[in-house]
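run03.pdb follows (PDB, C-alpha atoms (C1' of nucleotides)):
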```pdb
MODEL        1
ATOM      1  CA  MET T   1      81.563 -26.397 143.520
ATOM      2  CA  HIS T   2      82.863 -22.932 144.199
ATOM      3  CA  VAL T   3      83.363 -20.919 141.023
ATOM      4  CA  SER T   4      84.720 -17.417 141.318
ATOM      5  CA  LYS T   5      85.867 -14.637 139.049
ATOM      6  CA  ASN T   6      89.150 -15.592 137.538
ATOM      7  CA  SER T   7      91.305 -13.174 139.513
ATOM      8  CA  LYS T   8      94.924 -14.121 139.928
ATOM      9  CA  SER T   9      95.605 -14.167 143.613
ATOM     10  CA  PRO T  10      98.904 -12.760 144.849
ATOM     11  CA  PRO T  11     101.554 -15.388 145.452
ATOM     12  CA  PRO T  12     100.873 -16.927 148.824
ATOM     13  CA  SER T  13     103.327 -15.997 151.500
ATOM     14  CA  PHE T  14     105.216 -19.068 152.500
ATOM     15  CA  PHE T  15     105.870 -17.752 155.998
ATOM     16  CA  SER T  16     102.449 -16.346 156.828
ATOM     17  CA  THR T  17     100.561 -19.335 155.447
ATOM     18  CA  LEU T  18     102.528 -21.768 157.568
ATOM     19  CA  ARG T  19     102.390 -19.564 160.655
ATOM     20  CA  GLU T  20      98.624 -19.229 160.365
ATOM     21  CA  LYS T  21      98.418 -22.992 160.724
ATOM     22  CA  GLY T  22     100.892 -23.153 163.585
ATOM     23  CA  LEU T  23     103.498 -24.863 161.387
ATOM     24  CA  ARG T  24     107.170 -23.982 161.238
ATOM     25  CA  PRO T  25     108.708 -22.424 158.149
ATOM     26  CA  THR T  26     111.800 -24.616 158.295
ATOM     27  CA  LYS T  27     114.641 -24.364 155.839
ATOM     28  CA  GLN T  28     113.681 -27.747 154.373
ATOM     29  CA  ARG T  29     110.103 -26.648 153.680
ATOM     30  CA  ASN T  30     111.313 -23.341 152.342
ATOM     31  CA  CYS T  31     113.751 -25.008 149.994
ATOM     32  CA  VAL T  32     111.173 -27.489 148.668
ATOM     33  CA  PHE T  33     108.753 -24.617 148.120
ATOM     34  CA  ARG T  34     111.357 -22.563 146.268
ATOM     35  CA  VAL T  35     112.405 -25.446 144.056
ATOM     36  CA  ILE T  36     108.801 -25.976 142.938
ATOM     37  CA  ASN T  37     108.336 -22.279 142.250
ATOM     38  CA  GLU T  38     111.626 -21.732 140.426
ATOM     39  CA  LYS T  39     110.974 -24.029 137.508
ATOM     40  CA  GLN T  40     107.410 -24.642 136.353
ATOM     41  CA  ASP T  41     108.124 -28.089 134.999
ATOM     42  CA  HIS T  42     105.941 -30.254 137.243
ATOM     43  CA  PRO T  43     108.738 -32.097 139.008
ATOM     44  CA  THR T  44     108.188 -35.429 140.743
ATOM     45  CA  ALA T  45     109.154 -35.944 144.389
ATOM     46  CA  ASP T  46     112.324 -37.540 143.108
ATOM     47  CA  ASP T  47     113.173 -34.542 140.892
ATOM     48  CA  ILE T  48     112.551 -32.271 143.860
ATOM     49  CA  PHE T  49     114.745 -34.391 146.108
ATOM     50  CA  VAL T  50     117.640 -34.114 143.632
ATOM     51  CA  ARG T  51     117.274 -30.344 143.301
ATOM     52  CA  VAL T  52     116.845 -29.684 147.006
ATOM     53  CA  ARG T  53     119.792 -31.876 147.886
ATOM     54  CA  ARG T  54     122.095 -29.580 145.925
ATOM     55  CA  ARG T  55     121.339 -26.923 148.529
ATOM     56  CA  LEU T  56     120.651 -29.046 151.586
ATOM     57  CA  PRO T  57     122.938 -32.031 151.089
ATOM     58  CA  THR T  58     121.702 -33.843 154.181
ATOM     59  CA  ILE T  59     117.967 -33.718 153.493
ATOM     60  CA  SER T  60     116.301 -37.107 153.315
ATOM     61  CA  PHE T  61     113.689 -38.454 150.970
ATOM     62  CA  ALA T  62     111.225 -38.829 153.797
ATOM     63  CA  THR T  63     111.612 -35.174 154.671
ATOM     64  CA  VAL T  64     110.959 -34.147 151.075
ATOM     65  CA  TYR T  65     107.765 -36.194 151.184
ATOM     66  CA  ASN T  66     106.840 -34.713 154.538
ATOM     67  CA  CYS T  67     107.440 -31.186 153.256
ATOM     68  CA  LEU T  68     105.400 -31.849 150.133
ATOM     69  CA  GLU T  69     102.519 -33.166 152.201
ATOM     70  CA  THR T  70     102.653 -30.078 154.389
ATOM     71  CA  LEU T  71     102.822 -27.662 151.456
ATOM     72  CA  VAL T  72      99.975 -29.391 149.635
ATOM     73  CA  GLY T  73      97.937 -29.436 152.843
ATOM     74  CA  CYS T  74      98.431 -25.690 153.244
ATOM     75  CA  GLY T  75      97.501 -24.991 149.650
ATOM     76  CA  LEU T  76     100.930 -23.600 148.849
ATOM     77  CA  VAL T  77     101.469 -26.059 146.014
ATOM     78  CA  LYS T  78      99.265 -28.500 144.124
ATOM     79  CA  GLN T  79      99.765 -32.190 143.660
ATOM     80  CA  VAL T  80      99.200 -33.366 140.093
ATOM     81  CA  ASN T  81      98.115 -36.946 139.577
ATOM     82  CA  ILE T  82      97.947 -38.207 136.029
ATOM     83  CA  ASP T  83      97.095 -41.839 135.447
ATOM     84  CA  ARG T  84      99.170 -44.101 137.683
ATOM     85  CA  GLU T  85     102.350 -42.100 137.399
ATOM     86  CA  PRO T  86     104.416 -40.721 140.252
ATOM     87  CA  ALA T  87     102.871 -37.575 141.707
ATOM     88  CA  ARG T  88     104.067 -34.252 140.339
ATOM     89  CA  TYR T  89     104.025 -30.882 142.024
ATOM     90  CA  CYS T  90     102.870 -27.600 140.623
ATOM     91  CA  SER T  91     103.088 -23.999 141.801
ATOM     92  CA  ASN T  92     100.224 -22.766 139.610
ATOM     93  CA  LEU T  93      97.355 -22.175 142.037
ATOM     94  CA  ASN T  94      94.951 -20.778 139.462
ATOM     95  CA  PRO T  95      92.279 -23.081 138.019
ATOM     96  CA  HIS T  96      93.840 -25.119 135.259
ATOM     97  CA  ALA T  97      93.787 -28.498 133.529
ATOM     98  CA  HIS T  98      96.827 -30.527 132.525
ATOM     99  CA  PHE T  99      97.901 -31.851 129.173
ATOM    100  CA  LYS T 100     100.511 -34.573 128.992
ATOM    101  CA  CYS T 101     102.398 -35.123 125.777
ATOM    102  CA  ILE T 102     102.703 -38.879 125.387
ATOM    103  CA  LYS T 103     105.814 -38.470 123.232
ATOM    104  CA  THR T 104     107.903 -36.270 125.504
ATOM    105  CA  GLY T 105     106.208 -36.793 128.847
ATOM    106  CA  LYS T 106     106.057 -33.042 129.254
ATOM    107  CA  ILE T 107     103.115 -31.580 131.160
ATOM    108  CA  PHE T 108     101.400 -28.336 130.154
ATOM    109  CA  ASP T 109      99.014 -26.191 132.176
ATOM    110  CA  LEU T 110      95.808 -25.202 130.413
ATOM    111  CA  PRO T 111      94.097 -22.276 132.151
ATOM    112  CA  LEU T 112      90.365 -22.594 132.759
ATOM    113  CA  ASP T 113      88.221 -19.473 132.484
ATOM    114  CA  ASP T 114      85.008 -18.881 134.410
ATOM    115  CA  LEU T 115      82.819 -19.947 131.524
ATOM    116  CA  VAL T 116      84.505 -23.342 131.300
ATOM    117  CA  LEU T 117      84.539 -23.685 135.076
ATOM    118  CA  SER T 118      80.809 -23.140 135.285
ATOM    119  CA  LYS T 119      80.236 -25.603 132.449
ATOM    120  CA  ILE T 120      82.270 -28.183 134.303
ATOM    121  CA  ALA T 121      80.370 -27.464 137.510
ATOM    122  CA  SER T 122      77.111 -27.938 135.592
ATOM    123  CA  ILE T 123      77.925 -31.611 135.122
ATOM    124  CA  LEU T 124      77.167 -32.226 138.794
ATOM    125  CA  PRO T 125      73.623 -33.375 139.529
ATOM    126  CA  ARG T 126      71.682 -31.925 142.434
ATOM    127  CA  GLY T 127      73.091 -33.084 145.736
ATOM    128  CA  PHE T 128      76.636 -33.597 144.469
ATOM    129  CA  ASN T 129      78.869 -31.055 146.211
ATOM    130  CA  ALA T 130      82.386 -31.066 144.816
ATOM    131  CA  ASP T 131      85.257 -29.670 146.852
ATOM    132  CA  HIS T 132      87.730 -30.416 144.153
ATOM    133  CA  PHE T 133      88.089 -31.565 140.580
ATOM    134  CA  ASP T 134      90.828 -32.780 138.273
ATOM    135  CA  LEU T 135      90.875 -32.543 134.516
ATOM    136  CA  SER T 136      93.721 -33.966 132.520
ATOM    137  CA  PHE T 137      94.327 -34.727 128.877
ATOM    138  CA  SER T 138      96.928 -36.835 127.176
ATOM    139  CA  GLY T 139      97.917 -36.823 123.553
ATOM    140  CA  THR T 140     100.389 -35.337 121.152
ATOM    141  CA  LEU T 141     101.472 -31.874 120.104
ATOM    142  CA  THR T 142     101.331 -30.769 116.502
ATOM    143  CA  ASP T 143     104.400 -28.861 115.405
ATOM    144  CA  LEU T 144     102.807 -25.656 114.095
ATOM    145  CA  ASN T 145     106.152 -24.274 112.754
TER     146      ASN T 145
ATOM    147  CA  MET C 146      70.678 -62.549 118.734
ATOM    148  CA  HIS C 147      69.315 -63.505 122.116
ATOM    149  CA  VAL C 148      69.810 -60.734 124.661
ATOM    150  CA  SER C 149      68.247 -60.675 128.079
ATOM    151  CA  LYS C 150      68.848 -58.605 131.169
ATOM    152  CA  ASN C 151      69.822 -61.597 133.221
ATOM    153  CA  SER C 152      71.914 -63.338 130.613
ATOM    154  CA  LYS C 153      74.968 -64.849 132.182
ATOM    155  CA  SER C 154      76.932 -64.735 128.956
ATOM    156  CA  PRO C 155      79.050 -61.687 128.422
ATOM    157  CA  PRO C 156      78.135 -59.334 125.593
ATOM    158  CA  PRO C 157      79.435 -60.714 122.272
ATOM    159  CA  SER C 158      81.843 -57.836 122.008
ATOM    160  CA  PHE C 159      84.048 -59.702 124.464
ATOM    161  CA  PHE C 160      84.732 -62.569 122.066
ATOM    162  CA  SER C 161      84.814 -60.607 118.852
ATOM    163  CA  THR C 162      86.934 -57.805 120.271
ATOM    164  CA  LEU C 163      89.578 -60.186 121.552
ATOM    165  CA  ARG C 164      89.550 -62.286 118.382
ATOM    166  CA  GLU C 165      89.981 -59.200 116.231
ATOM    167  CA  LYS C 166      93.210 -58.536 118.054
ATOM    168  CA  GLY C 167      94.404 -62.118 117.874
ATOM    169  CA  LEU C 168      93.935 -62.592 121.611
ATOM    170  CA  ARG C 169      92.349 -65.587 123.276
ATOM    171  CA  PRO C 170      89.034 -65.332 125.110
ATOM    172  CA  THR C 171      90.202 -67.435 128.034
ATOM    173  CA  LYS C 172      88.013 -68.338 130.983
ATOM    174  CA  GLN C 173      90.099 -66.061 133.222
ATOM    175  CA  ARG C 174      89.584 -63.042 130.963
ATOM    176  CA  ASN C 175      85.926 -63.895 130.572
ATOM    177  CA  CYS C 176      85.449 -64.141 134.324
ATOM    178  CA  VAL C 177      87.233 -60.863 135.054
ATOM    179  CA  PHE C 178      85.164 -59.179 132.373
ATOM    180  CA  ARG C 179      81.909 -60.577 133.752
ATOM    181  CA  VAL C 180      82.739 -59.580 137.315
ATOM    182  CA  ILE C 181      83.296 -55.979 136.220
ATOM    183  CA  ASN C 182      80.057 -55.945 134.272
ATOM    184  CA  GLU C 183      77.905 -57.596 136.920
ATOM    185  CA  LYS C 184      78.228 -54.952 139.590
ATOM    186  CA  GLN C 185      78.817 -51.374 138.575
ATOM    187  CA  ASP C 186      80.659 -50.475 141.731
ATOM    188  CA  HIS C 187      84.103 -49.602 140.387
ATOM    189  CA  PRO C 188      85.999 -52.469 142.017
ATOM    190  CA  THR C 189      89.746 -52.375 142.566
ATOM    191  CA  ALA C 190      92.020 -55.134 141.265
ATOM    192  CA  ASP C 191      91.883 -56.603 144.743
ATOM    193  CA  ASP C 192      88.064 -56.579 144.815
ATOM    194  CA  ILE C 193      88.038 -58.247 141.409
ATOM    195  CA  PHE C 194      90.539 -60.863 142.540
ATOM    196  CA  VAL C 195      88.321 -61.802 145.487
ATOM    197  CA  ARG C 196      85.190 -62.059 143.338
ATOM    198  CA  VAL C 197      86.840 -63.965 140.519
ATOM    199  CA  ARG C 198      88.475 -66.401 142.916
ATOM    200  CA  ARG C 199      85.056 -67.532 144.109
ATOM    201  CA  ARG C 200      84.559 -68.963 140.594
ATOM    202  CA  LEU C 201      88.119 -69.749 139.590
ATOM    203  CA  PRO C 202      89.746 -70.683 142.893
ATOM    204  CA  THR C 203      93.211 -71.121 141.379
ATOM    205  CA  ILE C 204      93.480 -67.809 139.578
ATOM    206  CA  SER C 205      96.442 -65.732 140.659
ATOM    207  CA  PHE C 206      96.752 -62.035 141.354
ATOM    208  CA  ALA C 207      99.170 -61.651 138.476
ATOM    209  CA  THR C 208      96.638 -63.170 136.093
ATOM    210  CA  VAL C 209      93.950 -60.784 137.285
ATOM    211  CA  TYR C 210      96.318 -57.905 136.565
ATOM    212  CA  ASN C 211      97.204 -59.399 133.191
ATOM    213  CA  CYS C 212      93.538 -59.821 132.286
ATOM    214  CA  LEU C 213      92.756 -56.284 133.365
ATOM    215  CA  GLU C 214      95.580 -54.923 131.252
ATOM    216  CA  THR C 215      94.325 -56.889 128.264
ATOM    217  CA  LEU C 216      90.707 -55.814 128.716
ATOM    218  CA  VAL C 217      91.682 -52.152 129.180
ATOM    219  CA  GLY C 218      93.986 -52.355 126.163
ATOM    220  CA  CYS C 219      91.114 -53.713 124.046
ATOM    221  CA  GLY C 220      88.734 -51.025 125.251
ATOM    222  CA  LEU C 221      86.407 -53.577 126.869
ATOM    223  CA  VAL C 222      86.661 -51.926 130.275
ATOM    224  CA  LYS C 223      87.993 -48.600 131.512
ATOM    225  CA  GLN C 224      90.583 -48.007 134.177
ATOM    226  CA  VAL C 225      89.636 -45.277 136.634
ATOM    227  CA  ASN C 226      92.436 -43.414 138.364
ATOM    228  CA  ILE C 227      91.483 -41.005 141.086
ATOM    229  CA  ASP C 228      94.232 -39.290 143.015
ATOM    230  CA  ARG C 229      96.851 -41.792 144.175
ATOM    231  CA  GLU C 230      94.423 -44.526 145.032
ATOM    232  CA  PRO C 231      94.489 -48.093 143.719
ATOM    233  CA  ALA C 232      93.118 -48.297 140.193
ATOM    234  CA  ARG C 233      89.456 -49.110 139.790
ATOM    235  CA  TYR C 234      87.708 -50.714 136.836
ATOM    236  CA  CYS C 235      84.549 -49.646 135.111
ATOM    237  CA  SER C 236      82.294 -51.210 132.496
ATOM    238  CA  ASN C 237      80.700 -47.933 131.424
ATOM    239  CA  LEU C 238      82.183 -47.206 128.019
ATOM    240  CA  ASN C 239      80.158 -44.060 127.382
ATOM    241  CA  PRO C 240      81.794 -40.680 128.008
ATOM    242  CA  HIS C 241      81.505 -39.900 131.667
ATOM    243  CA  ALA C 242      83.208 -38.195 134.586
ATOM    244  CA  HIS C 243      83.589 -39.631 138.084
ATOM    245  CA  PHE C 244      82.523 -38.282 141.433
ATOM    246  CA  LYS C 245      84.027 -39.720 144.580
ATOM    247  CA  CYS C 246      82.228 -39.242 147.865
ATOM    248  CA  ILE C 247      84.926 -38.517 150.421
ATOM    249  CA  LYS C 248      82.700 -39.809 153.229
ATOM    250  CA  THR C 249      81.809 -43.224 151.842
ATOM    251  CA  GLY C 250      84.496 -43.704 149.200
ATOM    252  CA  LYS C 251      81.778 -44.565 146.716
ATOM    253  CA  ILE C 252      82.310 -43.620 143.077
ATOM    254  CA  PHE C 253      79.535 -42.322 140.831
ATOM    255  CA  ASP C 254      79.476 -42.025 137.052
ATOM    256  CA  LEU C 255      78.389 -38.654 135.678
ATOM    257  CA  PRO C 256      77.422 -38.875 132.007
ATOM    258  CA  LEU C 257      78.823 -36.239 129.674
ATOM    259  CA  ASP C 258      76.674 -35.018 126.804
ATOM    260  CA  ASP C 259      78.008 -33.713 123.498
ATOM    261  CA  LEU C 260      77.658 -30.093 124.539
ATOM    262  CA  VAL C 261      79.824 -30.604 127.597
ATOM    263  CA  LEU C 262      82.272 -32.741 125.647
ATOM    264  CA  SER C 263      82.767 -30.026 123.072
ATOM    265  CA  LYS C 264      83.212 -27.445 125.808
ATOM    266  CA  ILE C 265      85.867 -29.592 127.388
ATOM    267  CA  ALA C 266      87.560 -30.077 124.026
ATOM    268  CA  SER C 267      87.525 -26.297 123.550
ATOM    269  CA  ILE C 268      89.994 -25.944 126.410
ATOM    270  CA  LEU C 269      92.734 -27.330 124.172
ATOM    271  CA  PRO C 270      94.815 -24.687 122.422
ATOM    272  CA  ARG C 271      95.741 -25.094 118.746
ATOM    273  CA  GLY C 272      98.243 -27.890 118.260
ATOM    274  CA  PHE C 273      97.164 -29.894 121.333
ATOM    275  CA  ASN C 274      95.656 -33.161 120.110
ATOM    276  CA  ALA C 275      94.125 -35.146 122.948
ATOM    277  CA  ASP C 276      93.569 -38.888 122.588
ATOM    278  CA  HIS C 277      92.100 -39.144 126.012
ATOM    279  CA  PHE C 278      90.901 -37.140 128.986
ATOM    280  CA  ASP C 279      89.952 -37.747 132.592
ATOM    281  CA  LEU C 280      87.609 -35.665 134.678
ATOM    282  CA  SER C 281      86.987 -36.476 138.291
ATOM    283  CA  PHE C 282      85.384 -34.709 141.214
ATOM    284  CA  SER C 283      85.544 -35.366 144.894
ATOM    285  CA  GLY C 284      83.264 -34.086 147.606
ATOM    286  CA  THR C 285      80.184 -34.952 149.554
ATOM    287  CA  LEU C 286      76.608 -35.898 148.791
ATOM    288  CA  THR C 287      73.712 -33.914 150.185
ATOM    289  CA  ASP C 288      70.917 -36.086 151.462
ATOM    290  CA  LEU C 289      67.950 -34.711 149.502
ATOM    291  CA  ASN C 290      65.403 -36.867 151.394
TER     292      ASN C 290
ATOM    293  C1'  DC Y 291     102.197 -78.312 117.376
ATOM    294  C1'  DT Y 292     103.125 -73.729 119.270
ATOM    295  C1'  DA Y 293     102.274 -68.948 120.277
ATOM    296  C1'  DG Y 294     100.103 -67.053 123.792
ATOM    297  C1'  DG Y 295      98.349 -67.360 128.583
ATOM    298  C1'  DT Y 296      98.488 -68.839 133.439
ATOM    299  C1'  DG Y 297     100.258 -69.357 138.188
ATOM    300  C1'  DC Y 298     103.723 -68.670 141.383
ATOM    301  C1'  DA Y 299     107.107 -66.167 143.732
ATOM    302  C1'  DA Y 300     109.917 -62.566 143.967
ATOM    303  C1'  DA Y 301     110.990 -57.765 142.844
ATOM    304  C1'  DA Y 302     110.038 -53.158 141.690
ATOM    305  C1'  DG Y 303     108.777 -48.598 142.680
ATOM    306  C1'  DG Y 304     106.582 -44.859 144.874
ATOM    307  C1'  DT Y 305     105.261 -43.540 149.301
ATOM    308  C1'  DT Y 306     104.687 -43.906 154.433
ATOM    309  C1'  DT Y 307     106.037 -44.857 159.095
ATOM    310  C1'  DG Y 308     108.564 -45.498 163.595
ATOM    311  C1'  DC Y 309     111.847 -43.703 166.244
ATOM    312  C1'  DG Y 310     115.844 -41.392 168.317
ATOM    313  C1'  DG Y 311     117.987 -37.076 167.869
ATOM    314  C1'  DT Y 312     117.471 -31.966 166.562
ATOM    315  C1'  DT Y 313     115.530 -27.324 166.226
ATOM    316  C1'  DA Y 314     112.431 -23.259 165.897
ATOM    317  C1'  DA Y 315     109.744 -20.360 168.731
TER     318       DA Y 315
ATOM    319  C1'  DT P 316     111.731 -25.531 177.355
ATOM    320  C1'  DT P 317     109.292 -28.390 174.345
ATOM    321  C1'  DA P 318     106.248 -29.523 170.658
ATOM    322  C1'  DA P 319     107.296 -29.847 166.126
ATOM    323  C1'  DC P 320     110.425 -31.462 162.824
ATOM    324  C1'  DC P 321     114.311 -34.013 160.676
ATOM    325  C1'  DG P 322     117.045 -38.004 158.997
ATOM    326  C1'  DC P 323     117.503 -42.727 158.623
ATOM    327  C1'  DA P 324     116.015 -47.244 157.712
ATOM    328  C1'  DA P 325     112.662 -50.308 157.262
ATOM    329  C1'  DA P 326     107.993 -51.248 156.050
ATOM    330  C1'  DC P 327     104.053 -50.835 153.092
ATOM    331  C1'  DC P 328     101.121 -51.605 149.202
ATOM    332  C1'  DT P 329      99.982 -51.796 144.574
ATOM    333  C1'  DT P 330     101.627 -53.367 140.481
ATOM    334  C1'  DT P 331     105.060 -55.720 137.414
ATOM    335  C1'  DT P 332     108.230 -59.289 135.987
ATOM    336  C1'  DG P 333     110.674 -63.794 135.092
ATOM    337  C1'  DC P 334     109.976 -68.251 134.284
ATOM    338  C1'  DA P 335     108.229 -73.035 134.024
ATOM    339  C1'  DC P 336     104.031 -75.134 132.904
ATOM    340  C1'  DC P 337      99.665 -75.253 130.376
ATOM    341  C1'  DT P 338      96.129 -74.645 126.676
ATOM    342  C1'  DA P 339      93.359 -72.780 122.859
ATOM    343  C1'  DG P 340      93.384 -72.747 118.043
TER     344       DG P 340
ENDMDL
END
```

For this file, produce the structure as structure tokens.
Amino acid sequence: MHVSKNSKSPPPSFFSTLREKGLRPTKQRNCVFRVINEKQDHPTADDIFVRVRRRLPTISFATVYNCLETLVGCGLVKQVNIDREPARYCSNLNPHAHFKCIKTGKIFDLPLDDLVLSKIASILPRGFNADHFDLSFSGTLTDLN
Amino acid sequence: MHVSKNSKSPPPSFFSTLREKGLRPTKQRNCVFRVINEKQDHPTADDIFVRVRRRLPTISFATVYNCLETLVGCGLVKQVNIDREPARYCSNLNPHAHFKCIKTGKIFDLPLDDLVLSKIASILPRGFNADHFDLSFSGTLTDLN
DNA sequence: CTAGGTGCAAAAGGTTTGCGGTTAA
DNA sequence: TTAACCGCAAACCTTTTGCACCTAG
């Protein structure tokens, strides 16, 4: 697994990233991308559909799914899969885990530093080459006043 | 207690665990449990249905799902969720991560020792109390000859 | 006896697909 | 101009549910 210094990369350019792959920066894709970036609350496809539709009242569900697939494929957003729940989408492209509060359903990002990343990578035996990993927790939050 | 490698009876924890919860150790539950324990290949509900049906030809899909839910709820088996794929079931109750080979689809267990477990727990900020975590990798296997 | 479990069929729910019409480059 | 994309509806696939019948304790 690739482990690098924990430098925060500049926000990816929506237009240049798509163009590099020969894909069109359509208004639907742009709008889906902006909705995910505006509010860091890990919306589901359904949440995104509702928010996008306020700006593009004719967009369809299928197009939202298509846009999400494209954006995830380009690395412009991340898909978050926790248990068997509907997929959520996340604009945080830095290495992080997720914590889901089982009382509120809210999802929190937990940043992962290089030390933790290398410890996680050390789990892999020789010959196991990971492209990708997912770490998620679920539990409750203590009210610390 | 008689214990042998090739014993066809399930580990006693099956009966006592269910009884402790006031649940019945039915032949359907027993069979599902045995199928998961016999072959450590992370079968899906569908795989389990096919294998169980060879022994209990009248068992229904819904019953397989019900049994799985019961067994997972009792802690007798673990449900493995990787990405958006169908759930898989696992008899390894020790702390472990999963590695999925993207070429073959095969799933491997990666044991987690106490040092790694405490490092993983250290990711949680104050006030985050995790009941549960999931760690999974995906990638390829190098043929090491 | 009876609470709990099974089997069946049908539905739910998230996601994907096929296709005719539209649009960005 | 034209390949890529959109919108719509229908399909897909895993999982859940409602209900009548059955069974373990």

Identify, on the basis of all atoms listed in the file, every residue whose closest approach to Leu201 (chain C) does not exceed 12 Å; exclude the query and any residue fewer than 4 positions from it along the same chain; express the result as a PyMOL selection string. chain C and resi 171-177+180+193-197+205-206+208-209

What does the C-alpha RMSD come to when chain C is least-squares superposed onto chain T, all C-alpha atoms paired in sequence order?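 Between chain T and chain C, the C-alpha RMSD is 6.2 Å.
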
If you apply the PyMOL selection byres ((chain T) within 8 of (chain P)) to this file, what residues do you get, as a ChimeraX atom specification? /T:23-24,58-60,62-63

Translate the PyMOL selection byres ((chain Y) within 9 of (chain C)) into a concrete residue list for this structure, as a list of chain:residue names. Y:DG294, Y:DG295, Y:DT296, Y:DG297, Y:DC298

Output file for the residues above (C-alpha atoms (C1' of nucleotides), as a PDB file, keeping the file's coordinate frame):
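Saved file result.pdb follows:
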```pdb
ATOM      1  C1'  DG Y 294     100.103 -67.053 123.792  1.00  0.00           C
ATOM      2  C1'  DG Y 295      98.349 -67.360 128.583  1.00  0.00           C
ATOM      3  C1'  DT Y 296      98.488 -68.839 133.439  1.00  0.00           C
ATOM      4  C1'  DG Y 297     100.258 -69.357 138.188  1.00  0.00           C
ATOM      5  C1'  DC Y 298     103.723 -68.670 141.383  1.00  0.00           C
TER       6       DC Y 298
END
```

Here's a test: counting all atoms listed in the file, identify every protein, DNA and RNA residue with an atom at most 9 Å from (82.0, -48.8, 148.4) in the file's coordinate frame, and state them as an MDAnalysis selection string. chainID C and resid 186:188 249:252

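The space separating CA of Leu93 (chain T) from CA of Leu76 (chain T) comes to 7.8 Å.
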
What does the distance between CA of Pro170 (chain C) and CA of Cys235 (chain C) come to in Å, to one decimal place?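 So the answer is 19.1 Å.
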
Atom-to-atom span, C1' of DA315 (chain Y) and CA of Gly75 (chain T), Å: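 Straight-line distance from C1' of DA315 (chain Y) to CA of Gly75 (chain T) works out to 23.1 Å.
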
Reconstructed region 276-287 of chain C, atom set N, CA, C and O atoms, as a PDB file, in the frame of the given file:
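Heads up, here's the output in part_30.pdb:
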```
ATOM      1  N   ASP C 276      94.134 -37.568 122.866  1.00  0.00           N
ATOM      2  CA  ASP C 276      93.569 -38.888 122.588  1.00  0.00           C
ATOM      3  C   ASP C 276      92.580 -39.263 123.673  1.00  0.00           C
ATOM      4  O   ASP C 276      91.760 -40.146 123.489  1.00  0.00           O
ATOM      5  N   HIS C 277      92.708 -38.619 124.803  1.00  0.00           N
ATOM      6  CA  HIS C 277      92.100 -39.144 126.012  1.00  0.00           C
ATOM      7  C   HIS C 277      92.001 -38.030 127.043  1.00  0.00           C
ATOM      8  O   HIS C 277      92.856 -37.157 127.083  1.00  0.00           O
ATOM      9  N   PHE C 278      90.924 -38.058 127.845  1.00  0.00           N
ATOM     10  CA  PHE C 278      90.901 -37.140 128.986  1.00  0.00           C
ATOM     11  C   PHE C 278      90.245 -37.805 130.180  1.00  0.00           C
ATOM     12  O   PHE C 278      89.527 -38.799 130.039  1.00  0.00           O
ATOM     13  N   ASP C 279      90.526 -37.264 131.339  1.00  0.00           N
ATOM     14  CA  ASP C 279      89.952 -37.747 132.592  1.00  0.00           C
ATOM     15  C   ASP C 279      89.419 -36.572 133.366  1.00  0.00           C
ATOM     16  O   ASP C 279      90.116 -35.558 133.520  1.00  0.00           O
ATOM     17  N   LEU C 280      88.199 -36.709 133.845  1.00  0.00           N
ATOM     18  CA  LEU C 280      87.609 -35.665 134.678  1.00  0.00           C
ATOM     19  C   LEU C 280      87.048 -36.321 135.919  1.00  0.00           C
ATOM     20  O   LEU C 280      86.211 -37.220 135.826  1.00  0.00           O
ATOM     21  N   SER C 281      87.540 -35.899 137.067  1.00  0.00           N
ATOM     22  CA  SER C 281      86.987 -36.476 138.291  1.00  0.00           C
ATOM     23  C   SER C 281      86.782 -35.398 139.352  1.00  0.00           C
ATOM     24  O   SER C 281      87.535 -34.426 139.422  1.00  0.00           O
ATOM     25  N   PHE C 282      85.742 -35.601 140.120  1.00  0.00           N
ATOM     26  CA  PHE C 282      85.384 -34.709 141.214  1.00  0.00           C
ATOM     27  C   PHE C 282      85.503 -35.467 142.522  1.00  0.00           C
ATOM     28  O   PHE C 282      85.325 -36.684 142.554  1.00  0.00           O
ATOM     29  N   SER C 283      85.745 -34.740 143.597  1.00  0.00           N
ATOM     30  CA  SER C 283      85.544 -35.366 144.894  1.00  0.00           C
ATOM     31  C   SER C 283      84.851 -34.390 145.820  1.00  0.00           C
ATOM     32  O   SER C 283      85.020 -33.178 145.710  1.00  0.00           O
ATOM     33  N   GLY C 284      84.035 -34.926 146.696  1.00  0.00           N
ATOM     34  CA  GLY C 284      83.264 -34.086 147.606  1.00  0.00           C
ATOM     35  C   GLY C 284      82.244 -34.916 148.355  1.00  0.00           C
ATOM     36  O   GLY C 284      82.460 -36.108 148.554  1.00  0.00           O
ATOM     37  N   THR C 285      81.176 -34.263 148.733  1.00  0.00           N
ATOM     38  CA  THR C 285      80.184 -34.952 149.554  1.00  0.00           C
ATOM     39  C   THR C 285      78.826 -34.946 148.864  1.00  0.00           C
ATOM     40  O   THR C 285      78.584 -34.155 147.946  1.00  0.00           O
ATOM     41  N   LEU C 286      77.960 -35.819 149.320  1.00  0.00           N
ATOM     42  CA  LEU C 286      76.608 -35.898 148.791  1.00  0.00           C
ATOM     43  C   LEU C 286      75.634 -35.317 149.797  1.00  0.00           C
ATOM     44  O   LEU C 286      75.667 -35.677 150.977  1.00  0.00           O
ATOM     45  N   THR C 287      74.780 -34.428 149.345  1.00  0.00           N
ATOM     46  CA  THR C 287      73.712 -33.914 150.185  1.00  0.00           C
ATOM     47  C   THR C 287      72.583 -34.928 150.202  1.00  0.00           C
ATOM     48  O   THR C 287      72.196 -35.436 149.149  1.00  0.00           O
TER      49      THR C 287
END
```
